[in-house]
>>> print(open('start.cif').read())   # mmCIF, C-alpha atoms and all ligand atoms
data_start
loop_
_atom_site.label_atom_id
_atom_site.label_comp_id
_atom_site.auth_asym_id
_atom_site.auth_seq_id
_atom_site.Cartn_x
_atom_site.Cartn_y
_atom_site.Cartn_z
CA MET A 1 299.99 96.75 -237.04
CA ARG A 2 298.05 99.98 -236.73
CA LYS A 3 294.74 100.01 -234.89
CA LYS A 4 291.70 100.21 -237.17
CA ILE A 5 289.43 102.68 -235.47
CA LEU A 6 285.87 103.57 -236.38
CA ALA A 7 284.57 106.53 -234.40
CA ALA A 8 281.01 107.86 -234.38
CA ASN A 9 280.65 111.57 -233.77
CA TRP A 10 277.01 111.97 -232.80
CA LYS A 11 277.48 115.74 -232.31
CA MET A 12 274.45 117.52 -230.76
CA ASN A 13 272.02 114.90 -232.07
CA LEU A 14 269.76 112.28 -230.47
CA LEU A 15 267.52 112.47 -227.45
CA ARG A 16 268.45 110.22 -224.52
CA ASN A 17 266.26 107.27 -225.56
CA GLU A 18 267.43 107.54 -229.14
CA ALA A 19 271.07 107.52 -228.09
CA LEU A 20 270.59 104.48 -225.85
CA GLU A 21 268.73 102.69 -228.62
CA LEU A 22 271.41 103.46 -231.21
CA TYR A 23 274.09 102.22 -228.82
CA ARG A 24 272.06 99.02 -228.34
CA GLN A 25 271.86 98.56 -232.09
CA PHE A 26 275.60 99.10 -232.54
CA SER A 27 276.39 96.61 -229.79
CA GLN A 28 274.30 93.98 -231.58
CA PHE A 29 276.75 93.91 -234.46
CA THR A 30 280.03 94.60 -232.66
CA ASP A 31 281.80 94.50 -229.32
CA ASN A 32 285.02 95.83 -230.82
CA GLN A 33 286.67 98.31 -228.44
CA ASN A 34 288.10 100.16 -231.44
CA VAL A 35 284.56 101.24 -232.23
CA GLN A 36 284.24 104.51 -230.38
CA ILE A 37 281.13 106.60 -229.78
CA TYR A 38 281.42 110.30 -229.07
CA SER A 39 278.01 111.18 -227.66
CA SER A 40 276.51 114.19 -225.97
CA ALA A 41 278.09 114.62 -222.53
CA LEU A 42 274.67 114.15 -220.97
CA TYR A 43 274.56 110.47 -221.87
CA LEU A 44 278.19 109.52 -221.24
CA THR A 45 277.70 108.14 -217.72
CA GLU A 46 274.87 105.92 -218.77
CA LEU A 47 276.52 104.71 -221.98
CA ALA A 48 279.85 104.04 -220.28
CA GLN A 49 278.11 101.62 -217.89
CA TYR A 50 277.35 99.22 -220.73
CA ASN A 51 281.03 98.64 -221.27
CA SER A 52 280.90 96.91 -224.66
CA LEU A 53 281.94 99.79 -226.95
CA THR A 54 284.28 102.67 -226.20
CA ILE A 55 282.60 105.89 -225.15
CA GLY A 56 284.21 109.27 -225.53
CA ALA A 57 283.53 112.96 -224.94
CA GLN A 58 283.22 115.47 -227.77
CA ASN A 59 284.57 118.24 -225.58
CA PHE A 60 286.16 119.10 -222.21
CA TYR A 61 288.03 121.95 -220.55
CA PHE A 62 291.76 121.71 -219.85
CA GLU A 63 291.68 122.88 -216.20
CA ASN A 64 291.23 120.29 -213.44
CA ALA A 65 288.49 122.07 -211.48
CA GLY A 66 287.23 125.51 -210.52
CA ALA A 67 285.16 128.45 -211.66
CA PHE A 68 284.51 127.45 -215.28
CA THR A 69 280.73 127.54 -215.55
CA GLY A 70 279.30 125.07 -218.01
CA GLU A 71 282.54 123.21 -218.60
CA ILE A 72 283.52 119.58 -217.95
CA SER A 73 286.94 118.49 -216.70
CA LEU A 74 288.90 115.38 -217.48
CA ASN A 75 288.66 114.36 -213.81
CA GLN A 76 284.90 114.50 -214.06
CA LEU A 77 284.93 112.44 -217.25
CA ARG A 78 287.19 109.88 -215.63
CA SER A 79 284.82 109.65 -212.66
CA CYS A 80 282.16 108.59 -215.18
CA ASN A 81 284.46 105.92 -216.67
CA VAL A 82 285.18 107.94 -219.79
CA ASN A 83 288.78 108.14 -220.95
CA HIS A 84 288.53 109.05 -224.63
CA VAL A 85 288.16 112.57 -226.04
CA LEU A 86 287.92 114.38 -229.36
CA ILE A 87 290.10 117.46 -229.73
CA GLY A 88 290.21 120.06 -232.49
CA HIS A 89 287.06 119.24 -234.41
CA SER A 90 286.51 121.99 -236.99
CA GLU A 91 283.13 122.82 -235.46
CA ARG A 92 284.87 123.53 -232.14
CA ARG A 93 287.52 125.57 -233.93
CA GLN A 94 285.09 127.58 -236.03
CA LEU A 95 281.90 127.91 -233.97
CA PHE A 96 283.45 127.97 -230.50
CA ALA A 97 286.65 129.84 -231.31
CA GLU A 98 289.04 127.13 -230.15
CA THR A 99 292.47 128.36 -231.19
CA ASP A 100 295.63 126.33 -231.70
CA GLU A 101 296.78 127.60 -228.31
CA ILE A 102 293.67 126.28 -226.58
CA LEU A 103 293.92 123.00 -228.46
CA ARG A 104 297.53 122.60 -227.40
CA LYS A 105 296.46 122.97 -223.75
CA LYS A 106 293.70 120.44 -224.26
CA VAL A 107 296.10 117.97 -225.84
CA ASP A 108 298.59 118.42 -222.99
CA ALA A 109 295.86 118.00 -220.35
CA ALA A 110 294.50 114.87 -222.03
CA ILE A 111 297.94 113.31 -222.30
CA GLU A 112 298.89 114.17 -218.71
CA ASN A 113 295.63 112.68 -217.47
CA GLY A 114 296.19 109.46 -219.38
CA PHE A 115 293.31 109.97 -221.83
CA ASN A 116 293.21 108.64 -225.37
CA LEU A 117 292.50 111.34 -227.90
CA ILE A 118 291.55 111.80 -231.51
CA PHE A 119 293.12 115.00 -232.76
CA CYS A 120 291.16 116.46 -235.69
CA CYS A 121 292.77 118.53 -238.40
CA GLY A 122 291.74 119.69 -241.85
CA GLU A 123 291.72 122.60 -244.24
CA PRO A 124 288.93 124.90 -245.45
CA LEU A 125 287.96 125.01 -249.12
CA ASP A 126 289.95 128.11 -250.08
CA ILE A 127 293.14 126.55 -248.73
CA ARG A 128 292.46 123.37 -250.68
CA GLN A 129 291.80 125.41 -253.83
CA SER A 130 295.04 127.34 -253.43
CA GLU A 131 296.85 123.99 -252.98
CA ASN A 132 298.25 124.90 -249.58
CA HIS A 133 296.36 122.11 -247.81
CA VAL A 134 299.34 120.00 -246.80
CA GLU A 135 301.23 122.93 -245.32
CA TYR A 136 298.07 124.10 -243.52
CA VAL A 137 297.34 120.73 -241.90
CA VAL A 138 300.95 120.03 -240.93
CA ASN A 139 301.01 123.46 -239.32
CA GLN A 140 297.92 122.55 -237.26
CA LEU A 141 299.75 119.47 -236.02
CA GLU A 142 302.92 121.40 -235.25
CA LEU A 143 301.03 124.03 -233.27
CA ALA A 144 298.96 121.79 -231.05
CA LEU A 145 300.06 118.14 -231.23
CA PHE A 146 303.75 117.74 -231.96
CA GLN A 147 304.77 118.92 -228.48
CA VAL A 148 303.65 115.52 -227.12
CA PRO A 149 306.73 113.43 -226.31
CA SER A 150 307.18 110.27 -228.35
CA GLU A 151 306.57 107.90 -225.43
CA LYS A 152 303.00 109.21 -225.10
CA TRP A 153 301.93 108.78 -228.71
CA ASP A 154 300.15 105.49 -228.02
CA GLN A 155 297.37 107.72 -226.59
CA ILE A 156 296.95 109.55 -229.91
CA ALA A 157 294.99 108.99 -233.10
CA ILE A 158 294.60 111.64 -235.77
CA ALA A 159 291.52 112.38 -237.87
CA TYR A 160 292.00 114.20 -241.15
CA GLU A 161 288.72 116.00 -241.84
CA PRO A 162 288.74 118.45 -244.74
CA ILE A 163 286.25 121.10 -243.64
CA TRP A 164 284.68 121.31 -247.10
CA ALA A 165 283.76 117.62 -246.81
CA ILE A 166 282.14 117.69 -243.36
CA GLY A 167 278.39 117.28 -243.57
CA THR A 168 278.37 118.46 -247.19
CA GLY A 169 278.17 115.16 -249.05
CA MET A 170 281.36 116.25 -250.84
CA THR A 171 283.79 113.49 -249.83
CA ALA A 172 287.50 113.78 -250.52
CA THR A 173 288.54 111.42 -253.28
CA SER A 174 290.63 108.47 -252.19
CA GLU A 175 293.63 110.14 -253.89
CA GLN A 176 293.09 113.36 -251.92
CA ALA A 177 292.67 111.44 -248.65
CA GLU A 178 295.70 109.22 -249.27
CA GLU A 179 297.88 112.20 -250.20
CA MET A 180 297.10 114.01 -246.97
CA HIS A 181 297.34 110.92 -244.77
CA ARG A 182 300.71 110.11 -246.29
CA GLU A 183 301.91 113.66 -245.72
CA ILE A 184 300.73 113.57 -242.11
CA ARG A 185 302.60 110.32 -241.55
CA THR A 186 305.68 111.78 -243.21
CA ALA A 187 305.51 114.82 -240.92
CA ILE A 188 305.27 112.55 -237.86
CA SER A 189 308.14 110.47 -239.16
CA TYR A 190 310.27 113.55 -239.76
CA LYS A 191 309.70 114.74 -236.21
CA PHE A 192 309.54 111.45 -234.24
CA GLY A 193 310.99 108.77 -236.51
CA ASN A 194 309.52 106.22 -238.84
CA GLU A 195 308.80 103.54 -236.25
CA LEU A 196 306.44 105.81 -234.33
CA ALA A 197 304.87 107.23 -237.51
CA GLU A 198 304.00 103.75 -238.73
CA LYS A 199 302.08 103.04 -235.52
CA VAL A 200 299.80 106.09 -235.50
CA SER A 201 296.24 105.50 -236.69
CA ILE A 202 295.10 108.22 -239.07
CA LEU A 203 291.35 108.30 -239.67
CA TYR A 204 289.46 110.00 -242.46
CA GLY A 205 286.35 112.08 -241.76
CA GLY A 206 284.06 114.07 -244.03
CA SER A 207 280.88 112.65 -245.60
CA CYS A 208 282.18 109.11 -245.30
CA ASN A 209 279.29 106.70 -245.79
CA GLU A 210 278.48 103.11 -246.74
CA LYS A 211 278.94 103.91 -250.45
CA ASN A 212 282.41 105.48 -250.36
CA ALA A 213 283.93 103.82 -247.27
CA SER A 214 285.50 100.85 -249.08
CA GLU A 215 287.37 103.07 -251.50
CA LEU A 216 288.64 105.37 -248.76
CA PHE A 217 289.66 102.54 -246.43
CA ALA A 218 291.50 100.78 -249.24
CA CYS A 219 294.11 103.57 -249.12
CA GLU A 220 297.35 102.48 -247.55
CA ASN A 221 297.49 105.28 -245.00
CA VAL A 222 293.80 105.44 -244.06
CA ASP A 223 293.34 103.45 -240.85
CA GLY A 224 289.70 104.10 -240.12
CA GLY A 225 287.06 106.79 -240.03
CA LEU A 226 285.46 109.50 -237.95
CA ILE A 227 281.85 109.41 -239.01
CA GLY A 228 279.25 112.12 -238.44
CA GLY A 229 275.93 111.88 -240.30
CA ALA A 230 276.24 108.21 -241.25
CA SER A 231 276.89 107.24 -237.62
CA LEU A 232 273.33 108.22 -236.75
CA LYS A 233 271.99 105.28 -238.74
CA SER A 234 272.84 101.86 -237.40
CA GLU A 235 272.75 100.13 -240.79
CA SER A 236 275.03 102.68 -242.44
CA PHE A 237 277.52 102.56 -239.59
CA HIS A 238 277.49 98.76 -239.68
CA GLU A 239 278.25 98.77 -243.42
CA ILE A 240 281.10 101.23 -242.87
CA LEU A 241 282.51 99.00 -240.13
CA LYS A 242 282.33 95.98 -242.42
CA ALA A 243 284.14 97.94 -245.13
CA LEU A 244 286.94 98.77 -242.70
CA TYR A 245 287.48 95.25 -241.43
CA GLU A 246 287.03 93.47 -244.74
CA LEU A 247 289.61 95.61 -246.40
CA HIS A 248 292.52 95.70 -244.01
C1 LIG A 301 282.46 114.98 -238.49
O1 LIG A 301 281.84 115.98 -238.17
O2 LIG A 301 283.38 114.57 -237.76
C2 LIG A 301 282.08 114.32 -239.74
C3 LIG A 301 282.96 113.56 -240.31
O3 LIG A 301 280.83 114.58 -240.20
P1 LIG A 301 280.15 113.96 -241.52
O4 LIG A 301 280.52 112.49 -241.58
O5 LIG A 301 278.68 114.16 -241.33
O6 LIG A 301 280.70 114.70 -242.68
#
>>> encode(input="start.cif", output="structure tokens", more="lines below")
Ligand code: PEP
Amino acid sequence: MRKKILAANWKMNLLRNEALELYRQFSQFTDNQNVQIYSSALYLTELAQYNSLTIGAQNFYFENAGAFTGEISLNQLRSCNVNHVLIGHSERRQLFAETDEILRKKVDAAIENGFNLIFCCGEPLDIRQSENHVEYVVNQLELALFQVPSEKWDQIAIAYEPIWAIGTGMTATSEQAEEMHREIRTAISYKFGNELAEKVSILYGGSCNEKNASELFACENVDGGLIGGASLKSESFHEILKALYELH
């Protein structure tokens, strides 16, 4: 059975006390290790000490150490008991110019260092409108993820996040999400075989909230969610978690 993962991407939100309080609220309704919180790097050490939910980093640099001012290495994250990372979020791609080449290096570094990763992919609106979305997303996977050898894929989850749905309130319909998730699984199957493809958790992200979560999670190939805005409210996140576990 595939892991049902619910990941909170807190982005550059929450002051320290607010982050600690939100973590406390989450841990009152769950101790499920498949609930993952991607917080600001500043709070990772402190949050990781609590040990009840999984804590991950929103970003890191692929080199081990050295003259990379302002960056954080995987070794440093590990020394703070963090071993989960997000890679390829569209905000990193668009605002911080992370190319497929950089993302490929990040994926390779994370895998080599034994980290678990969520690899984000997704198309912009014009690509969706021109109906090239499947090709576009599969290409993102081929360029930066499909080099990982099959025996390492238990470290990988994928998040499909159509860019036009992130933070816009414009969620993909369940048909649109299921189509893309199925195509992603087919691409994995084509490259690595069906057995591996069936084991990979593919999460949906993009304006997922307590109102639309049930419908999205009811799709056969949607194995969880990567949640931005709605993960900043404990009640909303709790409802989304309930939707995920009640349905599968
Ligand atoms: C995200 O940025 O990963 C995300 C899914 O954001 P939102 O839920 O706010 O659209």
>>> residues_around(input="start.cif", residues="A:Leu241", least_positions_apart="5", cutoff="10 Å", atoms="only C-alpha atoms", output="PyMOL selection string")
chain A and resi 4-7+29-30+35+210+213-214+224-225+235-236+246
>>> closest_residue(input="start.cif", among="A:Ala144, A:Ala187, A:Val138, A:Cys121", to="A:Gly205", atoms="only C-alpha atoms")
A:Cys121
>>> closest_atom_pairs(input="start.cif", of="chain A", to="ligand LIG 301 (chain A)", cutoff="7 Å", atoms="only C-alpha atoms and all ligand atoms", output="JSON lines")
{"residue": "A:Asn9", "atom": "CA", "partner": "A:LIG301", "partner_atom": "O2", "distance": 5.7}
{"residue": "A:His89", "atom": "CA", "partner": "A:LIG301", "partner_atom": "O2", "distance": 6.8}
{"residue": "A:Glu161", "atom": "CA", "partner": "A:LIG301", "partner_atom": "C3", "distance": 6.4}
{"residue": "A:Ala165", "atom": "CA", "partner": "A:LIG301", "partner_atom": "O6", "distance": 5.9}
{"residue": "A:Ile166", "atom": "CA", "partner": "A:LIG301", "partner_atom": "O6", "distance": 3.4}
{"residue": "A:Gly167", "atom": "CA", "partner": "A:LIG301", "partner_atom": "O6", "distance": 3.6}
{"residue": "A:Thr168", "atom": "CA", "partner": "A:LIG301", "partner_atom": "O6", "distance": 6.3}
{"residue": "A:Gly169", "atom": "CA", "partner": "A:LIG301", "partner_atom": "O6", "distance": 6.9}
{"residue": "A:Gly205", "atom": "CA", "partner": "A:LIG301", "partner_atom": "C3", "distance": 4.0}
{"residue": "A:Gly206", "atom": "CA", "partner": "A:LIG301", "partner_atom": "O6", "distance": 3.7}
{"residue": "A:Ser207", "atom": "CA", "partner": "A:LIG301", "partner_atom": "O6", "distance": 3.6}
{"residue": "A:Cys208", "atom": "CA", "partner": "A:LIG301", "partner_atom": "O4", "distance": 5.3}
{"residue": "A:Leu226", "atom": "CA", "partner": "A:LIG301", "partner_atom": "C3", "distance": 5.3}
{"residue": "A:Ile227", "atom": "CA", "partner": "A:LIG301", "partner_atom": "O4", "distance": 4.2}
{"residue": "A:Gly228", "atom": "CA", "partner": "A:LIG301", "partner_atom": "O4", "distance": 3.4}
{"residue": "A:Gly229", "atom": "CA", "partner": "A:LIG301", "partner_atom": "O5", "distance": 3.7}
{"residue": "A:Ala230", "atom": "CA", "partner": "A:LIG301", "partner_atom": "O4", "distance": 6.1}
>>> axis_aligned_box(input="start.cif", around="stretch 197-203 of chain A", padding_each_side="6 Å", output="JSON")
{"center_x": 298.1, "center_y": 105.7, "center_z": -237.6, "size_x": 25.5, "size_y": 17.3, "size_z": 16.2}
>>> closest_residue(input="start.cif", among="A:Arg182, A:Lys105, A:Lys233, A:Lys211", to="A:Val137", atoms="all atoms listed in the file")
A:Arg182
>>> residues_near_point(input="start.cif", point="(302.1, 118.1, -235.1)", cutoff="12 Å", atoms="all atoms listed in the file", output="PyMOL selection string")
chain A and resi 100+103-104+107+119-121+135-150+153+156-158+183-192+197
>>> write_last_selection(input="start.cif", atoms="C-alpha atoms", output="CSV table (one decimal), in the coordinates of the input")
chain,number,residue,atom,x,y,z
A,100,ASP,CA,295.6,126.3,-231.7
A,103,LEU,CA,293.9,123.0,-228.5
A,104,ARG,CA,297.5,122.6,-227.4
A,107,VAL,CA,296.1,118.0,-225.8
A,119,PHE,CA,293.1,115.0,-232.8
A,120,CYS,CA,291.2,116.5,-235.7
A,121,CYS,CA,292.8,118.5,-238.4
A,135,GLU,CA,301.2,122.9,-245.3
A,136,TYR,CA,298.1,124.1,-243.5
A,137,VAL,CA,297.3,120.7,-241.9
A,138,VAL,CA,301.0,120.0,-240.9
A,139,ASN,CA,301.0,123.5,-239.3
A,140,GLN,CA,297.9,122.6,-237.3
A,141,LEU,CA,299.8,119.5,-236.0
A,142,GLU,CA,302.9,121.4,-235.2
A,143,LEU,CA,301.0,124.0,-233.3
A,144,ALA,CA,299.0,121.8,-231.0
A,145,LEU,CA,300.1,118.1,-231.2
A,146,PHE,CA,303.8,117.7,-232.0
A,147,GLN,CA,304.8,118.9,-228.5
A,148,VAL,CA,303.6,115.5,-227.1
A,149,PRO,CA,306.7,113.4,-226.3
A,150,SER,CA,307.2,110.3,-228.4
A,153,TRP,CA,301.9,108.8,-228.7
A,156,ILE,CA,297.0,109.6,-229.9
A,157,ALA,CA,295.0,109.0,-233.1
A,158,ILE,CA,294.6,111.6,-235.8
A,183,GLU,CA,301.9,113.7,-245.7
A,184,ILE,CA,300.7,113.6,-242.1
A,185,ARG,CA,302.6,110.3,-241.6
A,186,THR,CA,305.7,111.8,-243.2
A,187,ALA,CA,305.5,114.8,-240.9
A,188,ILE,CA,305.3,112.6,-237.9
A,189,SER,CA,308.1,110.5,-239.2
A,190,TYR,CA,310.3,113.6,-239.8
A,191,LYS,CA,309.7,114.7,-236.2
A,192,PHE,CA,309.5,111.4,-234.2
A,197,ALA,CA,304.9,107.2,-237.5
>>> residues_around(input="start.cif", residues="A:Asn116", least_positions_apart="3", cutoff="10 Å", atoms="only C-alpha atoms", output="MDAnalysis selection string")
chainID A and resid 56 82:86 107 110:111 113 119 152:157
>>> write_last_selection(input="start.cif", atoms="C-alpha atoms", output="PDB file, in the frame of the given file")
ATOM      1  CA  GLY A  56     284.210 109.270-225.530  1.00  0.00           C
ATOM      2  CA  VAL A  82     285.180 107.940-219.790  1.00  0.00           C
ATOM      3  CA  ASN A  83     288.780 108.140-220.950  1.00  0.00           C
ATOM      4  CA  HIS A  84     288.530 109.050-224.630  1.00  0.00           C
ATOM      5  CA  VAL A  85     288.160 112.570-226.040  1.00  0.00           C
ATOM      6  CA  LEU A  86     287.920 114.380-229.360  1.00  0.00           C
ATOM      7  CA  VAL A 107     296.100 117.970-225.840  1.00  0.00           C
ATOM      8  CA  ALA A 110     294.500 114.870-222.030  1.00  0.00           C
ATOM      9  CA  ILE A 111     297.940 113.310-222.300  1.00  0.00           C
ATOM     10  CA  ASN A 113     295.630 112.680-217.470  1.00  0.00           C
ATOM     11  CA  PHE A 119     293.120 115.000-232.760  1.00  0.00           C
ATOM     12  CA  LYS A 152     303.000 109.210-225.100  1.00  0.00           C
ATOM     13  CA  TRP A 153     301.930 108.780-228.710  1.00  0.00           C
ATOM     14  CA  ASP A 154     300.150 105.490-228.020  1.00  0.00           C
ATOM     15  CA  GLN A 155     297.370 107.720-226.590  1.00  0.00           C
ATOM     16  CA  ILE A 156     296.950 109.550-229.910  1.00  0.00           C
ATOM     17  CA  ALA A 157     294.990 108.990-233.100  1.00  0.00           C
TER      18      ALA A 157
END
>>> decode(input="start.cif", residues="stretch 134-144 of chain A", atoms="all heavy atoms", output="mmCIF file, in the first residue's frame")
data_model
loop_
_atom_site.group_PDB
_atom_site.id
_atom_site.type_symbol
_atom_site.label_atom_id
_atom_site.label_comp_id
_atom_site.auth_asym_id
_atom_site.auth_seq_id
_atom_site.Cartn_x
_atom_site.Cartn_y
_atom_site.Cartn_z
ATOM 1 N N VAL A 134 0.806 17.461 -19.686
ATOM 2 C CA VAL A 134 1.358 16.140 -19.343
ATOM 3 C C VAL A 134 2.813 16.045 -19.819
ATOM 4 O O VAL A 134 3.717 15.672 -19.056
ATOM 5 C CB VAL A 134 0.502 15.007 -19.951
ATOM 6 C CG1 VAL A 134 1.194 13.654 -19.762
ATOM 7 C CG2 VAL A 134 -0.880 14.990 -19.313
ATOM 8 N N GLU A 135 3.009 16.426 -21.049
ATOM 9 C CA GLU A 135 4.366 16.401 -21.618
ATOM 10 C C GLU A 135 5.321 17.271 -20.778
ATOM 11 O O GLU A 135 6.452 16.882 -20.477
ATOM 12 C CB GLU A 135 4.267 16.952 -23.035
ATOM 13 C CG GLU A 135 5.450 16.665 -23.897
ATOM 14 C CD GLU A 135 5.297 17.404 -25.235
ATOM 15 O OE1 GLU A 135 4.251 18.024 -25.506
ATOM 16 O OE2 GLU A 135 6.273 17.354 -25.989
ATOM 17 N N TYR A 136 4.845 18.444 -20.391
ATOM 18 C CA TYR A 136 5.659 19.401 -19.629
ATOM 19 C C TYR A 136 6.091 18.797 -18.288
ATOM 20 O O TYR A 136 7.263 18.845 -17.911
ATOM 21 C CB TYR A 136 4.836 20.680 -19.408
ATOM 22 C CG TYR A 136 5.568 21.807 -18.727
ATOM 23 C CD1 TYR A 136 6.205 22.803 -19.457
ATOM 24 C CD2 TYR A 136 5.590 21.896 -17.332
ATOM 25 C CE1 TYR A 136 6.870 23.855 -18.827
ATOM 26 C CE2 TYR A 136 6.255 22.937 -16.693
ATOM 27 C CZ TYR A 136 6.883 23.911 -17.452
ATOM 28 O OH TYR A 136 7.536 24.943 -16.820
ATOM 29 N N VAL A 137 5.145 18.220 -17.590
ATOM 30 C CA VAL A 137 5.438 17.671 -16.250
ATOM 31 C C VAL A 137 6.319 16.424 -16.356
ATOM 32 O O VAL A 137 7.283 16.264 -15.599
ATOM 33 C CB VAL A 137 4.116 17.390 -15.491
ATOM 34 C CG1 VAL A 137 4.357 16.520 -14.260
ATOM 35 C CG2 VAL A 137 3.468 18.713 -15.079
ATOM 36 N N VAL A 138 6.032 15.572 -17.297
ATOM 37 C CA VAL A 138 6.867 14.365 -17.459
ATOM 38 C C VAL A 138 8.299 14.778 -17.804
ATOM 39 O O VAL A 138 9.269 14.193 -17.309
ATOM 40 C CB VAL A 138 6.260 13.407 -18.516
ATOM 41 C CG1 VAL A 138 7.230 12.281 -18.854
ATOM 42 C CG2 VAL A 138 4.930 12.837 -18.004
ATOM 43 N N ASN A 139 8.421 15.820 -18.590
ATOM 44 C CA ASN A 139 9.758 16.334 -18.919
ATOM 45 C C ASN A 139 10.493 16.827 -17.662
ATOM 46 O O ASN A 139 11.685 16.566 -17.477
ATOM 47 C CB ASN A 139 9.625 17.453 -19.957
ATOM 48 C CG ASN A 139 10.962 17.847 -20.536
ATOM 49 O OD1 ASN A 139 11.771 16.988 -20.875
ATOM 50 N ND2 ASN A 139 11.216 19.139 -20.616
ATOM 51 N N GLN A 140 9.766 17.507 -16.768
ATOM 52 C CA GLN A 140 10.395 17.941 -15.504
ATOM 53 C C GLN A 140 10.931 16.740 -14.730
ATOM 54 O O GLN A 140 12.021 16.786 -14.150
ATOM 55 C CB GLN A 140 9.366 18.677 -14.623
ATOM 56 C CG GLN A 140 8.991 20.062 -15.122
ATOM 57 C CD GLN A 140 7.986 20.736 -14.197
ATOM 58 O OE1 GLN A 140 7.056 20.100 -13.697
ATOM 59 N NE2 GLN A 140 8.158 22.024 -13.976
ATOM 60 N N LEU A 141 10.171 15.670 -14.731
ATOM 61 C CA LEU A 141 10.599 14.466 -13.999
ATOM 62 C C LEU A 141 11.810 13.826 -14.685
ATOM 63 O O LEU A 141 12.764 13.398 -14.026
ATOM 64 C CB LEU A 141 9.456 13.449 -13.928
ATOM 65 C CG LEU A 141 8.162 13.923 -13.252
ATOM 66 C CD1 LEU A 141 7.081 12.854 -13.356
ATOM 67 C CD2 LEU A 141 8.400 14.263 -11.787
ATOM 68 N N GLU A 142 11.755 13.793 -15.997
ATOM 69 C CA GLU A 142 12.876 13.174 -16.737
ATOM 70 C C GLU A 142 14.171 13.955 -16.535
ATOM 71 O O GLU A 142 15.245 13.378 -16.417
ATOM 72 C CB GLU A 142 12.533 13.086 -18.227
ATOM 73 C CG GLU A 142 11.630 11.902 -18.507
ATOM 74 C CD GLU A 142 11.065 11.898 -19.918
ATOM 75 O OE1 GLU A 142 11.247 12.904 -20.649
ATOM 76 O OE2 GLU A 142 10.419 10.895 -20.264
ATOM 77 N N LEU A 143 14.054 15.286 -16.458
ATOM 78 C CA LEU A 143 15.259 16.104 -16.356
ATOM 79 C C LEU A 143 15.899 16.096 -14.974
ATOM 80 O O LEU A 143 17.110 16.293 -14.849
ATOM 81 C CB LEU A 143 14.943 17.554 -16.754
ATOM 82 C CG LEU A 143 14.637 17.773 -18.234
ATOM 83 C CD1 LEU A 143 14.184 19.206 -18.477
ATOM 84 C CD2 LEU A 143 15.862 17.466 -19.093
ATOM 85 N N ALA A 144 15.124 15.892 -13.950
ATOM 86 C CA ALA A 144 15.719 16.066 -12.609
ATOM 87 C C ALA A 144 15.472 14.929 -11.624
ATOM 88 O O ALA A 144 16.075 14.905 -10.554
ATOM 89 C CB ALA A 144 15.217 17.377 -12.004
#
